[in-house]
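Okay, entry-v7.cif is below, mmCIF, C-alpha atoms and all ligand atoms:
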data_model
loop_
_atom_site.label_atom_id
_atom_site.label_comp_id
_atom_site.auth_asym_id
_atom_site.auth_seq_id
_atom_site.Cartn_x
_atom_site.Cartn_y
_atom_site.Cartn_z
CA MET A 1 -1.91 -39.23 54.74
CA ASN A 2 -2.14 -42.52 52.86
CA ASP A 3 0.84 -44.80 53.17
CA PHE A 4 3.13 -45.35 50.21
CA THR A 5 6.28 -47.16 49.20
CA TYR A 6 9.37 -45.00 49.63
CA HIS A 7 12.29 -45.24 47.23
CA ALA A 8 15.74 -43.75 47.76
CA PRO A 9 17.56 -44.17 44.44
CA THR A 10 21.15 -42.99 43.98
CA SER A 11 21.01 -42.29 40.25
CA LEU A 12 18.67 -40.51 37.85
CA ASP A 13 18.18 -43.74 35.91
CA ASP A 14 17.06 -45.57 39.02
CA ALA A 15 14.77 -42.70 39.96
CA VAL A 16 13.13 -42.78 36.52
CA ALA A 17 12.82 -46.56 36.73
CA ALA A 18 11.15 -46.32 40.13
CA LEU A 19 8.67 -43.78 38.78
CA ARG A 20 7.91 -45.89 35.73
CA GLY A 21 7.43 -49.01 37.84
CA ALA A 22 4.93 -47.33 40.14
CA GLU A 23 1.19 -47.19 39.70
CA GLY A 24 1.07 -43.58 40.87
CA GLY A 25 4.54 -42.41 41.68
CA THR A 26 5.78 -38.98 42.56
CA LEU A 27 9.15 -37.39 43.25
CA ILE A 28 10.06 -35.78 46.54
CA ALA A 29 12.81 -33.19 46.83
CA GLY A 30 12.50 -31.13 50.03
CA GLY A 31 8.87 -32.05 50.51
CA GLN A 32 7.74 -28.57 51.52
CA SER A 33 4.97 -28.51 48.89
CA LEU A 34 4.34 -32.23 48.50
CA LEU A 35 3.94 -33.24 52.15
CA PRO A 36 1.34 -30.55 52.94
CA ILE A 37 -0.81 -31.58 49.97
CA MET A 38 -0.41 -35.27 50.86
CA LYS A 39 -1.61 -34.51 54.38
CA LEU A 40 -4.73 -33.01 52.82
CA ASN A 41 -5.08 -36.06 50.55
CA LEU A 42 -4.89 -33.73 47.53
CA ALA A 43 -2.10 -36.05 46.45
CA ALA A 44 -2.07 -39.72 47.36
CA PRO A 45 0.87 -41.33 45.57
CA THR A 46 1.42 -45.07 45.78
CA ASP A 47 5.18 -44.50 45.59
CA VAL A 48 7.37 -41.61 46.65
CA VAL A 49 10.79 -41.41 45.03
CA SER A 50 13.35 -39.27 46.83
CA LEU A 51 15.95 -37.31 44.91
CA ALA A 52 18.02 -36.60 48.03
CA GLY A 53 20.49 -39.41 47.34
CA VAL A 54 20.89 -38.76 43.61
CA ALA A 55 24.31 -37.32 42.89
CA GLY A 56 24.82 -34.28 40.69
CA LEU A 57 21.69 -32.33 41.50
CA ASP A 58 23.32 -29.87 43.86
CA GLY A 59 25.77 -27.06 43.42
CA ILE A 60 25.67 -23.57 41.96
CA THR A 61 28.04 -22.67 39.15
CA ASP A 62 28.97 -19.42 37.47
CA ASP A 63 29.09 -20.05 33.71
CA GLY A 64 30.07 -16.51 32.77
CA ASP A 65 26.94 -15.22 31.12
CA SER A 66 24.68 -17.46 33.16
CA VAL A 67 24.39 -19.07 36.58
CA THR A 68 23.32 -22.70 36.90
CA VAL A 69 21.54 -23.81 40.05
CA GLY A 70 21.23 -27.53 40.79
CA ALA A 71 17.65 -28.72 41.20
CA MET A 72 18.18 -29.90 44.79
CA CYS A 73 19.59 -26.57 45.97
CA THR A 74 17.51 -25.28 48.84
CA HIS A 75 16.12 -21.77 48.91
CA ALA A 76 18.56 -21.05 51.74
CA GLN A 77 21.49 -22.18 49.58
CA VAL A 78 20.40 -19.99 46.69
CA ALA A 79 19.86 -17.03 49.04
CA GLY A 80 23.23 -17.56 50.72
CA SER A 81 25.29 -18.31 47.60
CA ALA A 82 28.07 -15.81 46.98
CA THR A 83 27.77 -16.61 43.25
CA VAL A 84 24.05 -15.83 43.11
CA GLN A 85 24.43 -12.78 45.36
CA GLY A 86 27.21 -11.48 43.13
CA ARG A 87 25.78 -12.24 39.69
CA ILE A 88 21.99 -12.14 40.15
CA PRO A 89 21.31 -10.46 43.50
CA ALA A 90 17.59 -10.24 42.70
CA LEU A 91 17.43 -14.04 42.62
CA ALA A 92 19.21 -14.38 45.97
CA ALA A 93 16.88 -11.80 47.52
CA MET A 94 13.83 -13.53 46.08
CA ALA A 95 14.91 -16.90 47.49
CA ASP A 96 15.50 -15.24 50.87
CA GLY A 97 11.85 -14.17 50.92
CA ILE A 98 10.30 -17.59 50.36
CA GLY A 99 8.27 -19.00 53.26
CA ASP A 100 10.26 -18.95 56.47
CA ALA A 101 13.75 -19.99 57.53
CA GLN A 102 12.87 -23.66 58.03
CA VAL A 103 10.99 -23.89 54.75
CA ARG A 104 14.01 -22.31 53.03
CA ASN A 105 16.29 -24.85 54.69
CA ALA A 106 14.33 -27.76 53.23
CA GLY A 107 12.49 -26.56 50.11
CA THR A 108 14.30 -26.73 46.78
CA ILE A 109 14.22 -24.85 43.49
CA GLY A 110 13.49 -28.05 41.56
CA GLY A 111 10.64 -29.01 43.85
CA SER A 112 9.10 -25.57 43.66
CA LEU A 113 9.25 -25.52 39.86
CA ALA A 114 7.88 -29.05 39.47
CA HIS A 115 4.97 -28.16 41.76
CA ASN A 116 4.30 -24.79 40.07
CA ASP A 117 2.11 -23.28 42.74
CA PRO A 118 0.42 -20.25 41.13
CA ALA A 119 1.59 -18.09 44.05
CA ALA A 120 5.17 -19.37 44.26
CA ASP A 121 8.06 -16.95 43.71
CA TYR A 122 10.38 -18.98 41.48
CA PRO A 123 8.10 -19.01 38.42
CA ALA A 124 8.29 -15.20 38.24
CA ALA A 125 12.07 -15.29 38.53
CA CYS A 126 12.41 -17.97 35.86
CA VAL A 127 10.14 -16.22 33.36
CA ALA A 128 11.52 -12.71 33.91
CA LEU A 129 15.13 -13.85 33.78
CA GLY A 130 14.44 -16.09 30.78
CA ALA A 131 15.71 -19.19 32.59
CA THR A 132 16.09 -22.61 31.06
CA ILE A 133 14.78 -25.63 32.97
CA VAL A 134 17.23 -28.49 32.43
CA THR A 135 15.85 -32.01 32.85
CA ASP A 136 17.24 -35.52 32.59
CA ARG A 137 16.32 -35.52 28.89
CA ARG A 138 16.03 -31.99 27.48
CA GLU A 139 16.05 -28.27 28.09
CA ILE A 140 12.82 -26.28 28.39
CA GLY A 141 12.58 -22.50 28.13
CA ALA A 142 10.67 -20.87 30.97
CA ASP A 143 8.07 -19.45 28.56
CA ASP A 144 7.16 -23.00 27.53
CA TYR A 145 7.61 -24.64 30.90
CA PHE A 146 4.79 -23.10 32.97
CA GLN A 147 1.40 -24.26 31.71
CA GLY A 148 -1.13 -23.08 34.29
CA MET A 149 -1.92 -23.84 37.90
CA PHE A 150 0.19 -26.81 39.06
CA MET A 151 0.78 -27.66 35.39
CA THR A 152 4.17 -27.80 33.70
CA ALA A 153 5.71 -29.12 30.49
CA LEU A 154 7.31 -31.99 32.43
CA GLU A 155 6.47 -35.53 31.42
CA ASP A 156 5.28 -37.84 34.19
CA ASP A 157 8.69 -39.45 34.62
CA GLU A 158 10.84 -36.42 33.81
CA ILE A 159 13.23 -35.03 36.40
CA ILE A 160 14.51 -31.45 36.67
CA THR A 161 18.27 -31.52 37.17
CA ALA A 162 19.16 -27.82 37.10
CA VAL A 163 17.99 -24.34 36.20
CA ARG A 164 20.12 -22.01 34.11
CA PHE A 165 19.64 -18.27 34.63
CA PRO A 166 21.12 -15.78 32.13
CA VAL A 167 22.79 -12.95 34.06
CA PRO A 168 20.76 -9.75 33.61
CA SER A 169 22.24 -6.26 33.63
CA ARG A 170 19.66 -5.40 36.30
CA ALA A 171 16.73 -7.13 37.94
CA ALA A 172 14.57 -6.95 41.05
CA TYR A 173 11.62 -8.72 42.62
CA ALA A 174 8.88 -7.09 44.66
CA LYS A 175 6.30 -9.16 46.47
CA PHE A 176 3.19 -8.38 48.43
CA ALA A 177 3.16 -11.47 50.61
CA ASN A 178 0.25 -13.13 52.31
CA PRO A 179 1.18 -12.49 55.95
CA ALA A 180 0.28 -16.04 57.02
CA SER A 181 1.76 -18.13 54.23
CA LYS A 182 4.36 -15.77 52.72
CA TYR A 183 3.11 -16.84 49.31
CA ALA A 184 2.70 -13.96 46.87
CA VAL A 185 -0.66 -12.18 46.76
CA ALA A 186 1.10 -10.48 43.88
CA GLY A 187 4.79 -10.68 43.06
CA VAL A 188 6.55 -9.02 40.14
CA MET A 189 10.02 -9.72 38.83
CA VAL A 190 11.47 -7.17 36.44
CA ALA A 191 14.64 -8.08 34.56
CA ASP A 192 16.66 -6.24 31.96
CA GLY A 193 18.68 -9.00 30.37
CA PRO A 194 19.90 -10.55 27.13
CA ALA A 195 16.30 -11.00 25.93
CA GLY A 196 15.36 -7.39 26.67
CA VAL A 197 13.13 -6.21 29.48
CA ARG A 198 10.83 -8.87 30.87
CA VAL A 199 8.16 -8.45 33.51
CA ALA A 200 6.70 -11.58 35.11
CA VAL A 201 3.84 -11.70 37.60
CA THR A 202 3.09 -14.46 40.08
CA GLY A 203 0.38 -14.90 42.68
CA ALA A 204 -2.16 -12.71 40.92
CA SER A 205 -3.65 -15.26 38.54
CA GLY A 206 -5.03 -18.72 39.19
CA ASP A 207 -3.32 -19.74 35.96
CA GLY A 208 0.07 -19.02 37.47
CA VAL A 209 2.88 -16.84 36.19
CA PHE A 210 2.27 -14.48 33.27
CA ARG A 211 4.15 -11.71 31.48
CA MET A 212 3.06 -8.07 31.22
CA ALA A 213 3.80 -7.23 27.57
CA GLU A 214 2.62 -3.63 27.89
CA MET A 215 4.99 -2.97 30.79
CA GLU A 216 7.83 -4.70 29.00
CA SER A 217 7.55 -2.46 25.97
CA ALA A 218 7.13 0.69 28.07
CA LEU A 219 10.23 -0.18 30.09
CA GLY A 220 12.07 -1.11 26.90
CA ASP A 221 11.45 2.43 25.63
CA SER A 222 12.30 4.12 28.88
CA PHE A 223 13.43 2.13 31.91
CA GLY A 224 12.08 3.88 34.98
CA ALA A 225 9.32 3.59 37.56
CA GLU A 226 7.28 6.30 35.86
CA ALA A 227 6.94 4.06 32.79
CA VAL A 228 4.78 1.61 34.74
CA ALA A 229 3.48 3.70 37.65
CA GLY A 230 0.34 4.88 35.89
CA MET A 231 -0.28 1.69 33.97
CA GLY A 232 -3.60 0.11 34.86
CA VAL A 233 -3.80 -3.67 34.89
CA SER A 234 -7.02 -5.43 33.94
CA SER A 235 -8.50 -7.49 36.76
CA HIS A 236 -10.01 -9.85 34.19
CA GLY A 237 -8.95 -13.40 35.02
CA LEU A 238 -7.16 -12.46 38.22
CA LEU A 239 -7.72 -14.36 41.45
CA SER A 240 -10.25 -13.33 44.07
CA ASP A 241 -9.92 -14.96 47.45
CA THR A 242 -9.99 -14.09 51.14
CA ALA A 243 -6.57 -12.44 50.87
CA ALA A 244 -7.43 -10.06 48.05
CA ASP A 245 -10.03 -9.62 45.33
CA ALA A 246 -9.19 -9.31 41.65
CA ASP A 247 -9.32 -5.50 41.55
CA TYR A 248 -6.98 -5.24 44.50
CA ARG A 249 -4.60 -7.75 42.95
CA ALA A 250 -4.63 -5.78 39.68
CA HIS A 251 -3.69 -2.67 41.64
CA LEU A 252 -0.95 -4.58 43.46
CA VAL A 253 0.59 -5.72 40.18
CA THR A 254 1.18 -2.11 39.17
CA VAL A 255 2.53 -1.17 42.59
CA MET A 256 4.85 -4.19 42.78
CA ALA A 257 6.07 -3.57 39.23
CA LYS A 258 6.87 0.03 40.14
CA ARG A 259 8.72 -1.06 43.28
CA ALA A 260 10.67 -3.69 41.38
CA VAL A 261 11.74 -1.17 38.73
CA GLU A 262 12.78 1.27 41.46
CA ALA A 263 14.77 -1.48 43.16
CA CYS A 264 16.61 -2.15 39.89
CA GLY A 265 18.38 1.14 40.55
CA MET B 1 7.96 -51.46 56.33
CA PRO B 2 11.11 -49.35 56.16
CA THR B 3 13.69 -49.33 58.91
CA VAL B 4 15.36 -46.02 59.66
CA THR B 5 18.56 -45.37 61.54
CA MET B 6 19.64 -41.92 62.57
CA THR B 7 21.83 -40.27 65.14
CA VAL B 8 19.52 -38.50 67.58
CA ASN B 9 21.16 -36.25 70.16
CA GLY B 10 24.42 -38.11 69.66
CA MET B 11 23.00 -41.62 69.97
CA GLU B 12 22.27 -44.02 67.15
CA ARG B 13 18.56 -44.83 67.11
CA SER B 14 16.68 -47.21 64.81
CA GLY B 15 13.07 -48.02 64.28
CA THR B 16 10.58 -49.54 61.90
CA VAL B 17 8.25 -46.94 60.47
CA GLU B 18 5.72 -46.53 57.70
CA GLY B 19 6.70 -44.56 54.63
CA ARG B 20 4.30 -41.86 55.74
CA THR B 21 5.59 -41.61 59.32
CA LEU B 22 6.60 -38.02 59.97
CA LEU B 23 9.92 -37.30 61.60
CA VAL B 24 8.13 -35.61 64.51
CA ASP B 25 6.06 -38.75 65.11
CA PHE B 26 9.15 -40.93 65.00
CA LEU B 27 10.81 -38.69 67.59
CA ARG B 28 7.78 -38.43 69.86
CA GLU B 29 6.05 -41.79 69.50
CA HIS B 30 8.90 -44.15 68.73
CA LEU B 31 11.72 -42.56 70.71
CA GLY B 32 9.64 -40.89 73.43
CA LEU B 33 11.29 -37.52 72.82
CA THR B 34 8.20 -35.46 73.52
CA GLY B 35 10.05 -32.17 73.90
CA THR B 36 9.44 -31.58 70.22
CA HIS B 37 5.84 -30.38 69.94
CA VAL B 38 3.17 -30.44 67.26
CA GLY B 39 1.16 -27.24 67.12
CA CYS B 40 -0.32 -27.02 63.66
CA ASP B 41 0.93 -29.98 61.63
CA THR B 42 0.84 -27.64 58.60
CA SER B 43 4.33 -26.01 58.54
CA GLN B 44 3.09 -22.78 60.09
CA CYS B 45 3.89 -22.68 63.80
CA GLY B 46 7.41 -24.00 64.26
CA ALA B 47 6.68 -25.90 67.51
CA CYS B 48 8.21 -28.96 65.82
CA VAL B 49 11.55 -27.45 64.78
CA VAL B 50 14.55 -29.76 65.15
CA HIS B 51 17.96 -29.76 63.51
CA VAL B 52 18.68 -32.22 60.70
CA ASN B 53 22.35 -32.28 59.75
CA GLY B 54 22.84 -28.98 61.53
CA THR B 55 20.03 -26.92 60.04
CA SER B 56 16.61 -26.22 61.46
CA VAL B 57 13.64 -27.86 59.77
CA LYS B 58 10.01 -28.42 60.59
CA SER B 59 9.80 -32.05 61.63
CA CYS B 60 6.06 -32.14 60.88
CA THR B 61 6.96 -31.54 57.24
CA CYS B 62 9.70 -34.13 56.94
CA LEU B 63 9.30 -37.89 56.61
CA ALA B 64 11.19 -40.10 59.01
CA VAL B 65 12.58 -41.93 55.98
CA GLN B 66 13.93 -38.62 54.64
CA ALA B 67 16.01 -38.33 57.81
CA ASP B 68 17.37 -41.87 57.49
CA GLY B 69 21.12 -41.66 58.09
CA ALA B 70 20.93 -38.06 59.28
CA ASP B 71 22.21 -36.39 62.40
CA VAL B 72 19.21 -35.08 64.32
CA THR B 73 19.22 -32.78 67.34
CA THR B 74 16.09 -32.11 69.38
CA ILE B 75 15.53 -29.82 72.35
CA GLU B 76 16.49 -32.72 74.62
CA GLY B 77 19.94 -32.73 73.05
CA LEU B 78 20.90 -29.17 73.96
CA ALA B 79 21.48 -29.19 77.71
CA ASN B 80 24.58 -30.75 79.15
CA GLY B 81 23.18 -32.67 82.09
CA ALA B 82 21.82 -30.11 84.53
CA ASP B 83 23.56 -27.26 82.70
CA LEU B 84 21.23 -25.50 80.34
CA HIS B 85 22.44 -24.63 76.86
CA PRO B 86 23.25 -20.89 76.62
CA MET B 87 20.15 -20.32 74.47
CA GLN B 88 17.93 -22.10 77.00
CA GLU B 89 19.55 -20.10 79.78
CA ALA B 90 18.88 -16.87 77.87
CA PHE B 91 15.20 -17.78 77.46
CA ARG B 92 14.98 -18.33 81.23
CA GLU B 93 16.91 -15.19 82.06
CA HIS B 94 14.86 -12.96 79.75
CA HIS B 95 11.51 -14.58 80.46
CA GLY B 96 11.22 -15.67 76.83
CA LEU B 97 8.39 -18.10 77.56
CA GLN B 98 5.08 -18.29 79.31
CA CYS B 99 3.18 -21.52 78.66
CA GLY B 100 6.22 -23.01 76.98
CA PHE B 101 4.45 -24.73 74.12
CA CYS B 102 6.33 -22.88 71.39
CA THR B 103 9.61 -22.83 73.30
CA PRO B 104 11.35 -25.99 72.06
CA GLY B 105 10.86 -24.89 68.46
CA MET B 106 11.81 -21.31 69.25
CA VAL B 107 15.03 -22.42 70.92
CA MET B 108 15.99 -24.82 68.12
CA SER B 109 15.27 -22.18 65.51
CA ALA B 110 17.24 -19.60 67.51
CA VAL B 111 20.26 -21.88 67.85
CA ASP B 112 20.35 -22.28 64.07
CA LEU B 113 20.31 -18.49 63.68
CA ALA B 114 23.04 -18.07 66.31
CA ASN B 115 25.21 -20.61 64.50
CA ARG B 116 25.07 -18.34 61.44
CA ASP B 117 25.20 -14.97 63.19
CA SER B 118 26.65 -14.47 66.66
CA ASP B 119 25.23 -10.96 67.02
CA PRO B 120 21.89 -10.74 65.19
CA SER B 121 20.01 -7.45 65.25
CA GLU B 122 16.47 -7.27 66.56
CA HIS B 123 15.31 -7.09 62.95
CA ASP B 124 17.31 -10.18 62.02
CA VAL B 125 15.81 -12.13 64.89
CA ARG B 126 12.25 -11.10 64.07
CA GLU B 127 12.74 -12.04 60.42
CA TRP B 128 14.32 -15.37 61.32
CA LEU B 129 11.46 -16.26 63.67
CA GLU B 130 8.88 -15.75 60.91
CA GLY B 131 8.01 -19.43 61.08
CA ASN B 132 7.79 -19.71 64.87
CA LEU B 133 4.48 -18.63 66.35
CA CYS B 134 3.95 -17.81 70.03
CA ARG B 135 0.47 -17.24 71.40
CA CYS B 136 1.61 -15.97 74.80
CA THR B 137 4.58 -13.69 74.96
CA GLY B 138 4.10 -11.11 72.25
CA TYR B 139 7.62 -12.04 71.09
CA HIS B 140 9.33 -9.11 72.80
CA ASN B 141 11.17 -11.15 75.40
CA ILE B 142 11.82 -13.96 72.96
CA VAL B 143 13.68 -11.54 70.71
CA LYS B 144 15.73 -10.28 73.64
CA ALA B 145 16.47 -13.85 74.71
CA VAL B 146 17.59 -14.88 71.23
CA GLN B 147 19.94 -11.91 70.93
CA ALA B 148 21.43 -12.61 74.36
CA GLY B 149 21.63 -16.35 73.69
CA ALA B 150 23.39 -15.79 70.38
CA ARG B 151 25.97 -13.56 72.02
CA ALA B 152 26.44 -16.07 74.85
CA MET B 153 27.01 -18.82 72.29
CA GLY B 154 29.69 -16.71 70.68
CA GLY B 155 29.28 -18.23 67.23
CA GLY B 156 29.01 -21.91 68.16
CA SER B 157 26.62 -24.31 69.82
S1 LIG C 301 3.75 -28.49 64.02
FE1 LIG C 301 5.28 -28.27 62.53
S2 LIG C 301 5.13 -26.21 61.98
FE2 LIG C 301 3.49 -26.43 63.39
S1 LIG C 302 5.04 -19.32 75.46
FE1 LIG C 302 3.02 -20.02 75.10
S2 LIG C 302 3.01 -20.24 72.94
FE2 LIG C 302 4.87 -19.28 73.29
#

What do you get writing this file as structure tokens?
Amino acid sequence: MNDFTYHAPTSLDDAVAALRGAEGGTLIAGGQSLLPIMKLNLAAPTDVVSLAGVAGLDGITDDGDSVTVGAMCTHAQVAGSATVQGRIPALAAMADGIGDAQVRNAGTIGGSLAHNDPAADYPAACVALGATIVTDRREIGADDYFQGMFMTALEDDEIITAVRFPVPSRAAYAKFANPASKYAVAGVMVADGPAGVRVAVTGASGDGVFRMAEMESALGDSFGAEAVAGMGVSSHGLLSDTAADADYRAHLVTVMAKRAVEACG
Amino acid sequence: MPTVTMTVNGMERSGTVEGRTLLVDFLREHLGLTGTHVGCDTSQCGACVVHVNGTSVKSCTCLAVQADGADVTTIEGLANGADLHPMQEAFREHHGLQCGFCTPGMVMSAVDLANRDSDPSEHDVREWLEGNLCRCTGYHNIVKAVQAGARAMGGGS
């Protein structure tokens, strides 16, 4: 890992200033995505700006028809939150399935979303639930936020402060996890919420999260596992790697969608 | 170069590090606390698990500067003199180790679980130990040790 200058600002303004003043600066939240890629020299920032000391990025609040999760909330906090468990149990369960216990103790929702790993779980939850990504300067709808592998709508010096999830009437996430990494080989979140039925898939495509329009309309007509069980998914554009080839991933998308719908109850 | 100060096993410790210095390297190289091991250096194996502010983390995937000001507990901080911590005692009693390489991380991870759940089921233990790999034991006795250790701790460390 190359060395870098470390910054520990206590306000968003100072964090933005540190990023702007750096030749190649990056933010660190829990570091569970960033540090591994820095060890591989896939990222070699000149400056690393920590958000750990910035006030106001933690906490989970129940806003009635939505739940707001602070960007620095760890996966363990989301999984263990009585508010999330009560209002959006699918989100708590999804967070409880990320990585392992120690990764969940350190990794954060904001860090995961800023990184946008194509096999991460949170993108599927955000897209299916129709979440809003709140930053230091604006609000971005999930459909606009994710822009392909490791690409997001964030500007270079923009900082996620929170994520707002509308409360669905029912939702569930089903993941076929890579046994070594726990990342999704294919993960499907199904949500029946204010914006109708939404089905979001992660892990299957190198371009990251995508929606399954055909499944959404079938479930909108008749919400039940049989609506998606026989639905073939094209393997065109899906990932092939040592874990699974594209045809297998396409098959998994259907199976995970069916399981998620069943788990919606 | 940054200076870090943290409470390690109840004692205030300081050192000058590089930004990139990992917490595990600070503990092992700067403080000589070599009980915390490095197996993979890629967040997989859990040999490096320590507690930071009371929760278990992988110290190979944490910068020393991120732990500045924190309260850190390593495997060396568990025993009380010659008296083993109940979780350590349970690992001995139940033969939860063979070569011992994974053991410090296993024990630190297990203590975190026991602090949350004083009577975890076998399933709970196996799920919790997802991020702790052992190449010797086959896990069976580790799981028994963790359940016994958690009960012996009775909901506190
Ligand atoms: S050395 Fe840290 S997880 Fe393996
Ligand atoms: S006892 Fe040898 S690796 Fe676990």

statement: chain B proximity check over A:Asn41, A:Ser81, A:Asn105, A:Thr10, using only C-alpha atoms: winner is A:Asn105

- prompt: Please, which residues of chain A lie no more than 7 Å from chain B when the count uses all atoms listed in the file, and can they be set out as number ranges by chain?
  reply: A: 1, 3-6, 31-32, 35-36, 100-103, 105-106

Please write as a PDB file with C-alpha atoms, in the coordinates of the input the list of polymer residues whose atoms come within 12 Å of (4.2, -30.9, 76.4), counting all atoms listed in the file and keeping to the coordinates of the file.
ATOM      1  CA  ARG B  28       7.780 -38.430  69.860  1.00  0.00           C
ATOM      2  CA  GLY B  32       9.640 -40.890  73.430  1.00  0.00           C
ATOM      3  CA  LEU B  33      11.290 -37.520  72.820  1.00  0.00           C
ATOM      4  CA  THR B  34       8.200 -35.460  73.520  1.00  0.00           C
ATOM      5  CA  GLY B  35      10.050 -32.170  73.900  1.00  0.00           C
ATOM      6  CA  THR B  36       9.440 -31.580  70.220  1.00  0.00           C
ATOM      7  CA  HIS B  37       5.840 -30.380  69.940  1.00  0.00           C
ATOM      8  CA  VAL B  38       3.170 -30.440  67.260  1.00  0.00           C
ATOM      9  CA  GLY B  39       1.160 -27.240  67.120  1.00  0.00           C
ATOM     10  CA  ALA B  47       6.680 -25.900  67.510  1.00  0.00           C
ATOM     11  CA  CYS B  48       8.210 -28.960  65.820  1.00  0.00           C
ATOM     12  CA  CYS B  99       3.180 -21.520  78.660  1.00  0.00           C
ATOM     13  CA  GLY B 100       6.220 -23.010  76.980  1.00  0.00           C
ATOM     14  CA  PHE B 101       4.450 -24.730  74.120  1.00  0.00           C
ATOM     15  CA  CYS B 102       6.330 -22.880  71.390  1.00  0.00           C
ATOM     16  CA  THR B 103       9.610 -22.830  73.300  1.00  0.00           C
ATOM     17  CA  PRO B 104      11.350 -25.990  72.060  1.00  0.00           C
ATOM     18  CA  GLY B 105      10.860 -24.890  68.460  1.00  0.00           C
TER      19      GLY B 105
END

message: Taking (1.5, -11.1, 44.2) as a centre in this file's frame and 9 Å as the limit, can you find every polymer residue with an atom that close, using only C-alpha atoms, and give them as a VMD selection string?
response: chain A and resid 119 121 174 to 178 183 to 188 201 to 205 249 252 to 253 256

message: Please determine, counting only C-alpha atoms, which residue among B:Leu78, B:Thr16, B:Val146, B:Val111 has the shortest atom-to-atom distance to Arg126 (chain B).
response: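 Looking only at the distances to Arg126 (chain B), the closest residue turns out to be B:Val146.
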
message: I need the residue nearest ligand LIG 301 (chain C) from this list: B:His30, B:Gln88, B:Ala64, B:Asp25. Use all atoms listed in the file for the distance.
response: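 When distances to ligand LIG 301 (chain C) are compared using all atoms listed in the file, the smallest one comes from B:Asp25.
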
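For the residues B:Met87, B:Cys134, B:Leu31, B:Leu23, ranking by smallest atom-to-atom distance to ligand LIG 302 (chain C) using only C-alpha atoms and all ligand atoms places B:Cys134 first.
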
query: Can you list, as a PyMOL selection string, every protein, DNA or RNA residue that comes within 10 Å of Met151 (chain A) when you count only C-alpha atoms, leaving out same-chain residues fewer than 5 positions away?
result: chain A and resi 113-118+145-146+207-208

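The environment of Val228 (chain A) within 12 Å, counting all atoms listed in the file and disregarding residues fewer than 4 places along the same chain, consists of Val190, Val199, Met212, Ala213, Glu214, Met215, Glu216, Ser217, Ala218, Leu219, Gly220, Asp221, Ser222, Phe223, Gly224, Gly232, Val233, His251, Val253, Thr254, Val255, Met256, Ala257, Lys258, Arg259, Ala260, Val261 and Glu262 of chain A.
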
- prompt: Rounded to one decimal in Å, what is the spacing between CA of Met149 (chain A) and CA of Gly206 (chain A)?
  reply: 6.1 Å

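Near Thr137 (chain B), within 12 Å and counting all atoms listed in the file, sit Phe91, His94, His95, Gly96, Leu97, Gln98, Cys99, Gly100, Phe101, Cys102, Thr103, Met106, Leu133, Asn141, Ile142, Val143, Lys144 and Ala145 of chain B; same-chain residues fewer than 4 positions away were not included.
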